[in-house]
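Below is one structure, written out as structure tokens, with a few remarks after it.
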Amino acid sequence: MTESIEVRSAVYRGTDGDRVGIETLRLAPPAHGEVRVRVRAAGVCGSDRHVLDGEWNVALPAIMGHEAAGVVESIGDGVRGLAVGDHVVLAWHQACQRCESCTAGKSWACRFAKSNDSLLPDGTTRWSDADGAAAYPYLAVGAMSEAVVVPEFAAIKIDQRVPFDIASLIGCSVGTGYGAVVNNARVVAGESAVVVGSGGVGLSIISALRLAGATPIIAVDVSEAKLAEALRAGATHGLMGGPDLAERVSELTDGGADVAFEAIGRVATMAQLPDLIRPGARAVFVGLPPEGQKVEIDGLLLAYDGKTIIGSNYGGLVPARDFPRIARAYLAGALPLDDLISARVSLDETNDAFDAMRRGERTRSVITFD
Ligand code: APR
Ligand code: ZN
């Protein structure tokens, strides 16, 4: 069995505002059923920003990042399904694999997952800092690091022809968007759709809507640049957000869309979502607001109009099934993901990438490792 190794990682301690520091950590070898993955690309996701900006609490110090792809470089005892050299996409929800939810294909609903507490399934972490204190990989991935250790089932083998930067996004933003469309909303060809928020997740929803044959596909944002990107990703219309949004969507869809997605995580836009759909239609909450915030909805209208609100956690993904499907659709040219990446940066530029996201400048920065 391999030794522990030193890795450079983006670490958030909560002692320097919203900054991460690049630290050299010690990473123990993979235990039974685990693999070590050499990270080749890690996406900078809105969920990491929620943590850095103090909106969500996590165990500290935290190795940030949860959206990554890389190469298996070492395997623990008992690993059967992966071999050294396999290209993998990492899944950030590490379910128990045995409970009723897991066996029903709803592993995202597993109550026994410890990954939300930044712990591996056995309740421990493989990481320690320069003082020998435990460090906690965010969502049990800690992707902004030269290497990570994860359970075998959280590293999904995909076709080696998918470039690592694209593959990294399959693990969160692209997977979440695809899953919201295919698994949660079950969009069928010809349905009309509106997507509020055209960031990394919103654009992924738009490209999946195009794959599903939805039309029209109306993108909404407050940035003209994001709307231009939405049109490139497959949206048929781009609208600036605002109080009269429902009217404008109604005109384009003859009375309201068949399905609407919120991909920002703002309670104000979540509250607006049921107004964008026609009676009997569905509104999907994909964006995650700060902890404790409430969404105000007109209960009478919702019931009277028979509308459905769907909560989408990790796009209802079954990673072992859905990640390879997304990779195949990309390789077949049916899922336009190349334009989703607006910047490739080094680990040392992680803070700059988060600042660009805060300024709303980039759709997706991806940290690449040589
Ligand atoms: N109306 C419309 N669009 C808005 C508004 C608004 N009031 N406010 C912000 N936006 C747009 C931004 O301009 C940006 O394009 O919403 C988009 C948000 O995108 P990102 O910041 O790139 O976030 P993303 O990574 O896509 O994540 C969105 O999904 O999974 C969750 O935790 C994640 O809650 C986050 C959400
Ligand atoms: Zn994410």
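Chains: A, B, ... in order of the structure tokens. Residues: from 1 per chain. Ligands: from 1, in order shown.
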Using DSSP on the backbone, list every residue of stretch 88-306 of chain A that comes out as helix (DSSP H, G or I), and give them as a count of residues only. 83
Dump the neighbourhood of ligand 1 as a PyMOL selection string: all residues within 6 Å, distances computed on only C-alpha atoms and all ligand atoms. chain A and resi 45-47+196-202+220-223+226+241+263-265+286-289+357+360+363
Give me a file of those residues, with N, CA and C atoms, as a compact mmCIF listing (two decimals), in the first residue's frame.
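File part_29.txt, as written:
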```txt
# COMPACT_ATOMS: atom_id res chain seq x y z
N CYS A 45 -17.40 26.60 -7.97
CA CYS A 45 -18.87 26.50 -7.99
C CYS A 45 -19.49 27.48 -7.00
N GLY A 46 -20.73 27.85 -7.27
CA GLY A 46 -21.46 28.76 -6.39
C GLY A 46 -21.57 28.24 -4.96
N SER A 47 -21.60 26.92 -4.78
CA SER A 47 -21.73 26.38 -3.43
C SER A 47 -20.47 26.66 -2.61
N VAL A 196 -34.35 30.92 -14.78
CA VAL A 196 -34.01 32.19 -14.13
C VAL A 196 -32.62 32.05 -13.51
N GLY A 197 -31.67 32.79 -14.08
CA GLY A 197 -30.27 32.68 -13.66
C GLY A 197 -29.50 31.90 -14.70
N SER A 198 -28.57 32.57 -15.37
CA SER A 198 -27.82 31.90 -16.45
C SER A 198 -26.34 31.82 -16.10
N GLY A 199 -26.06 31.43 -14.86
CA GLY A 199 -24.68 31.16 -14.45
C GLY A 199 -24.32 29.72 -14.82
N GLY A 200 -23.35 29.16 -14.12
CA GLY A 200 -22.89 27.81 -14.46
C GLY A 200 -24.01 26.79 -14.44
N VAL A 201 -24.85 26.84 -13.41
CA VAL A 201 -25.94 25.86 -13.29
C VAL A 201 -27.03 26.17 -14.32
N GLY A 202 -27.40 27.45 -14.46
CA GLY A 202 -28.45 27.83 -15.40
C GLY A 202 -28.10 27.44 -16.83
N VAL A 220 -33.20 33.89 -18.39
CA VAL A 220 -33.36 35.15 -17.67
C VAL A 220 -32.09 35.41 -16.87
N ASP A 221 -31.62 36.66 -16.90
CA ASP A 221 -30.49 37.04 -16.06
C ASP A 221 -30.53 38.56 -15.90
N VAL A 222 -29.61 39.08 -15.09
CA VAL A 222 -29.52 40.54 -14.96
C VAL A 222 -28.28 41.05 -15.68
N SER A 223 -27.56 40.15 -16.33
CA SER A 223 -26.35 40.52 -17.06
C SER A 223 -26.53 40.19 -18.54
N LYS A 226 -24.28 37.38 -19.70
CA LYS A 226 -24.76 36.03 -19.38
C LYS A 226 -25.89 35.62 -20.34
N GLY A 241 -34.14 40.15 -16.04
CA GLY A 241 -35.05 39.96 -14.92
C GLY A 241 -35.71 41.28 -14.55
N ALA A 263 -32.21 29.08 -10.81
CA ALA A 263 -30.82 28.61 -10.72
C ALA A 263 -29.91 29.72 -10.18
N ILE A 264 -30.41 30.44 -9.20
CA ILE A 264 -29.59 31.47 -8.55
C ILE A 264 -29.43 31.16 -7.06
N GLY A 265 -30.59 30.86 -6.40
CA GLY A 265 -30.55 30.68 -4.95
C GLY A 265 -30.94 31.97 -4.24
N VAL A 286 -33.68 24.89 -8.04
CA VAL A 286 -32.35 24.29 -8.16
C VAL A 286 -31.33 25.08 -7.34
N GLY A 287 -31.42 26.41 -7.40
CA GLY A 287 -30.51 27.26 -6.63
C GLY A 287 -30.74 27.10 -5.14
N LEU A 288 -29.69 27.26 -4.37
CA LEU A 288 -29.77 27.04 -2.92
C LEU A 288 -29.56 28.37 -2.20
N PRO A 289 -30.58 28.85 -1.49
CA PRO A 289 -30.45 30.13 -0.79
C PRO A 289 -29.64 29.99 0.51
N MET A 357 -16.39 35.52 -9.78
CA MET A 357 -17.75 35.01 -9.62
C MET A 357 -18.60 36.01 -8.84
N GLY A 360 -19.89 38.60 -10.80
CA GLY A 360 -20.81 38.13 -11.84
C GLY A 360 -20.18 38.12 -13.22
N THR A 363 -18.93 32.71 -16.15
CA THR A 363 -19.85 31.61 -15.93
C THR A 363 -19.16 30.54 -15.09
```
Please report, as a Markdown table, each residue of stretch 222-259 of chain A lying at most 9 Å from stretch 332-351 of chain A, together with the nearest pair of atoms and the separation in Å rounded to one decimal; use only C-alpha atoms, and order rows by chain and ascending residue number.
```
| residue | atom | partner | partner_atom | distance |
| --- | --- | --- | --- | --- |
| A:Glu229 | CA | A:Asp339 | CA | 7.9 |
| A:Arg232 | CA | A:Asp339 | CA | 7.9 |
| A:Ala233 | CA | A:Pro336 | CA | 6.4 |
| A:Gly234 | CA | A:Pro336 | CA | 8.2 |
```
Dump of C-alpha atoms for the selected residues, as an mmCIF file, in the first residue's frame:
```
data_model
loop_
_atom_site.group_PDB
_atom_site.id
_atom_site.type_symbol
_atom_site.label_atom_id
_atom_site.label_comp_id
_atom_site.auth_asym_id
_atom_site.auth_seq_id
_atom_site.Cartn_x
_atom_site.Cartn_y
_atom_site.Cartn_z
ATOM 1 C CA GLU A 229 -23.916 33.047 -23.333
ATOM 2 C CA ARG A 232 -25.035 30.287 -27.343
ATOM 3 C CA ALA A 233 -25.874 27.391 -24.992
ATOM 4 C CA GLY A 234 -29.239 26.858 -26.702
#
```
Which residues of chain A have any atom within 12 Å of an atom in ligand 2 when counting only C-alpha atoms and all ligand atoms, and what is the closest pair of atoms for each, with the distance in Å to one decimal? Order the rows by chain and rising number and write it as a Markdown table.
```
| residue | atom | partner | partner_atom_place_in_ligand_line | distance |
| --- | --- | --- | --- | --- |
| A:Ala42 | CA | ligand 2 | 1 (Zn) | 10.3 |
| A:Gly43 | CA | ligand 2 | 1 (Zn) | 8.0 |
| A:Val44 | CA | ligand 2 | 1 (Zn) | 7.8 |
| A:Cys45 | CA | ligand 2 | 1 (Zn) | 4.7 |
| A:Gly46 | CA | ligand 2 | 1 (Zn) | 6.2 |
| A:Ser47 | CA | ligand 2 | 1 (Zn) | 5.1 |
| A:Asp48 | CA | ligand 2 | 1 (Zn) | 7.0 |
| A:Arg49 | CA | ligand 2 | 1 (Zn) | 9.5 |
| A:His50 | CA | ligand 2 | 1 (Zn) | 10.1 |
| A:Val51 | CA | ligand 2 | 1 (Zn) | 11.2 |
| A:Met64 | CA | ligand 2 | 1 (Zn) | 10.7 |
| A:Gly65 | CA | ligand 2 | 1 (Zn) | 7.9 |
| A:His66 | CA | ligand 2 | 1 (Zn) | 6.2 |
| A:Glu67 | CA | ligand 2 | 1 (Zn) | 6.0 |
| A:Ala68 | CA | ligand 2 | 1 (Zn) | 9.7 |
| A:Leu90 | CA | ligand 2 | 1 (Zn) | 11.2 |
| A:Ala91 | CA | ligand 2 | 1 (Zn) | 10.0 |
| A:Trp92 | CA | ligand 2 | 1 (Zn) | 8.3 |
| A:His93 | CA | ligand 2 | 1 (Zn) | 10.6 |
| A:Tyr138 | CA | ligand 2 | 1 (Zn) | 10.5 |
| A:Leu139 | CA | ligand 2 | 1 (Zn) | 9.6 |
| A:Val141 | CA | ligand 2 | 1 (Zn) | 11.0 |
| A:Gly142 | CA | ligand 2 | 1 (Zn) | 11.5 |
| A:Ala143 | CA | ligand 2 | 1 (Zn) | 10.7 |
| A:Ser168 | CA | ligand 2 | 1 (Zn) | 10.4 |
| A:Leu169 | CA | ligand 2 | 1 (Zn) | 8.5 |
| A:Ile170 | CA | ligand 2 | 1 (Zn) | 9.9 |
| A:Gly171 | CA | ligand 2 | 1 (Zn) | 7.8 |
| A:Cys172 | CA | ligand 2 | 1 (Zn) | 4.6 |
| A:Ser173 | CA | ligand 2 | 1 (Zn) | 5.6 |
| A:Val174 | CA | ligand 2 | 1 (Zn) | 9.2 |
| A:Gly175 | CA | ligand 2 | 1 (Zn) | 9.3 |
| A:Thr176 | CA | ligand 2 | 1 (Zn) | 8.1 |
| A:Gly177 | CA | ligand 2 | 1 (Zn) | 10.6 |
| A:Gly199 | CA | ligand 2 | 1 (Zn) | 11.9 |
| A:Gly200 | CA | ligand 2 | 1 (Zn) | 9.3 |
| A:Val201 | CA | ligand 2 | 1 (Zn) | 8.5 |
| A:Ala263 | CA | ligand 2 | 1 (Zn) | 11.8 |
| A:Val286 | CA | ligand 2 | 1 (Zn) | 11.2 |
| A:Gly287 | CA | ligand 2 | 1 (Zn) | 10.3 |
| A:Leu288 | CA | ligand 2 | 1 (Zn) | 10.3 |
| A:Asn313 | CA | ligand 2 | 1 (Zn) | 10.9 |
| A:Tyr314 | CA | ligand 2 | 1 (Zn) | 8.5 |
| A:Gly315 | CA | ligand 2 | 1 (Zn) | 11.1 |
| A:Arg364 | CA | ligand 2 | 1 (Zn) | 10.9 |
```
Extract, using only C-alpha atoms, all DNA, RNA and protein residues at most 12 Å from stretch 102-109 of chain A, discarding same-chain residues fewer than 4 positions from it, and format them as an NGL selection string. :A and (91-98 or 113-116 or 153-154 or 176 or 179 or 183-184 or 311-322)
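When DSSP is run on the backbone, the residues of stretch 175-214 of chain A that fall into strand (DSSP E) are Ala193, Val194, Val195 and Val196 of chain A.
Within 8 Å of stretch 77-88 of chain A, once only C-alpha atoms are used and residues closer than 2 positions along the same chain are dropped, the contacting residues are Ala31, His32, Gly33, Glu34, Val35, Ala69, Gly70, Val71, Val72, Glu73, Ser74, Ile75, Leu90, Glu152, Ala155, Ile156, Lys157, Ile158, Asp159 and Gln160 of chain A.
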Expressed in Å to a single decimal, how great is the separation between atom CA of A:Met240 and atom CA of A:Ala268? 15.0 Å
Please identify every residue of stretch 127-191 of chain A that has at least one atom no farther than 12 Å from an atom of stretch 278-282 of chain A, counting only C-alpha atoms, and for each give the shortest atom pair and the distance in Å to one decimal, arranged by chain then increasing number, as JSON lines.
```
{"residue": "A:Ala180", "atom": "CA", "partner": "A:Arg282", "partner_atom": "CA", "distance": 11.8}
{"residue": "A:Val181", "atom": "CA", "partner": "A:Arg282", "partner_atom": "CA", "distance": 11.3}
{"residue": "A:Asn184", "atom": "CA", "partner": "A:Arg282", "partner_atom": "CA", "distance": 10.0}
{"residue": "A:Ala185", "atom": "CA", "partner": "A:Arg282", "partner_atom": "CA", "distance": 7.4}
{"residue": "A:Arg186", "atom": "CA", "partner": "A:Arg282", "partner_atom": "CA", "distance": 10.2}
{"residue": "A:Val187", "atom": "CA", "partner": "A:Arg282", "partner_atom": "CA", "distance": 10.1}
{"residue": "A:Glu191", "atom": "CA", "partner": "A:Ala281", "partner_atom": "CA", "distance": 10.3}
```
Distance atom CA of A:Asp254-atom CA of A:Ser192, one decimal place?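 A separation of 9.7 Å between them.
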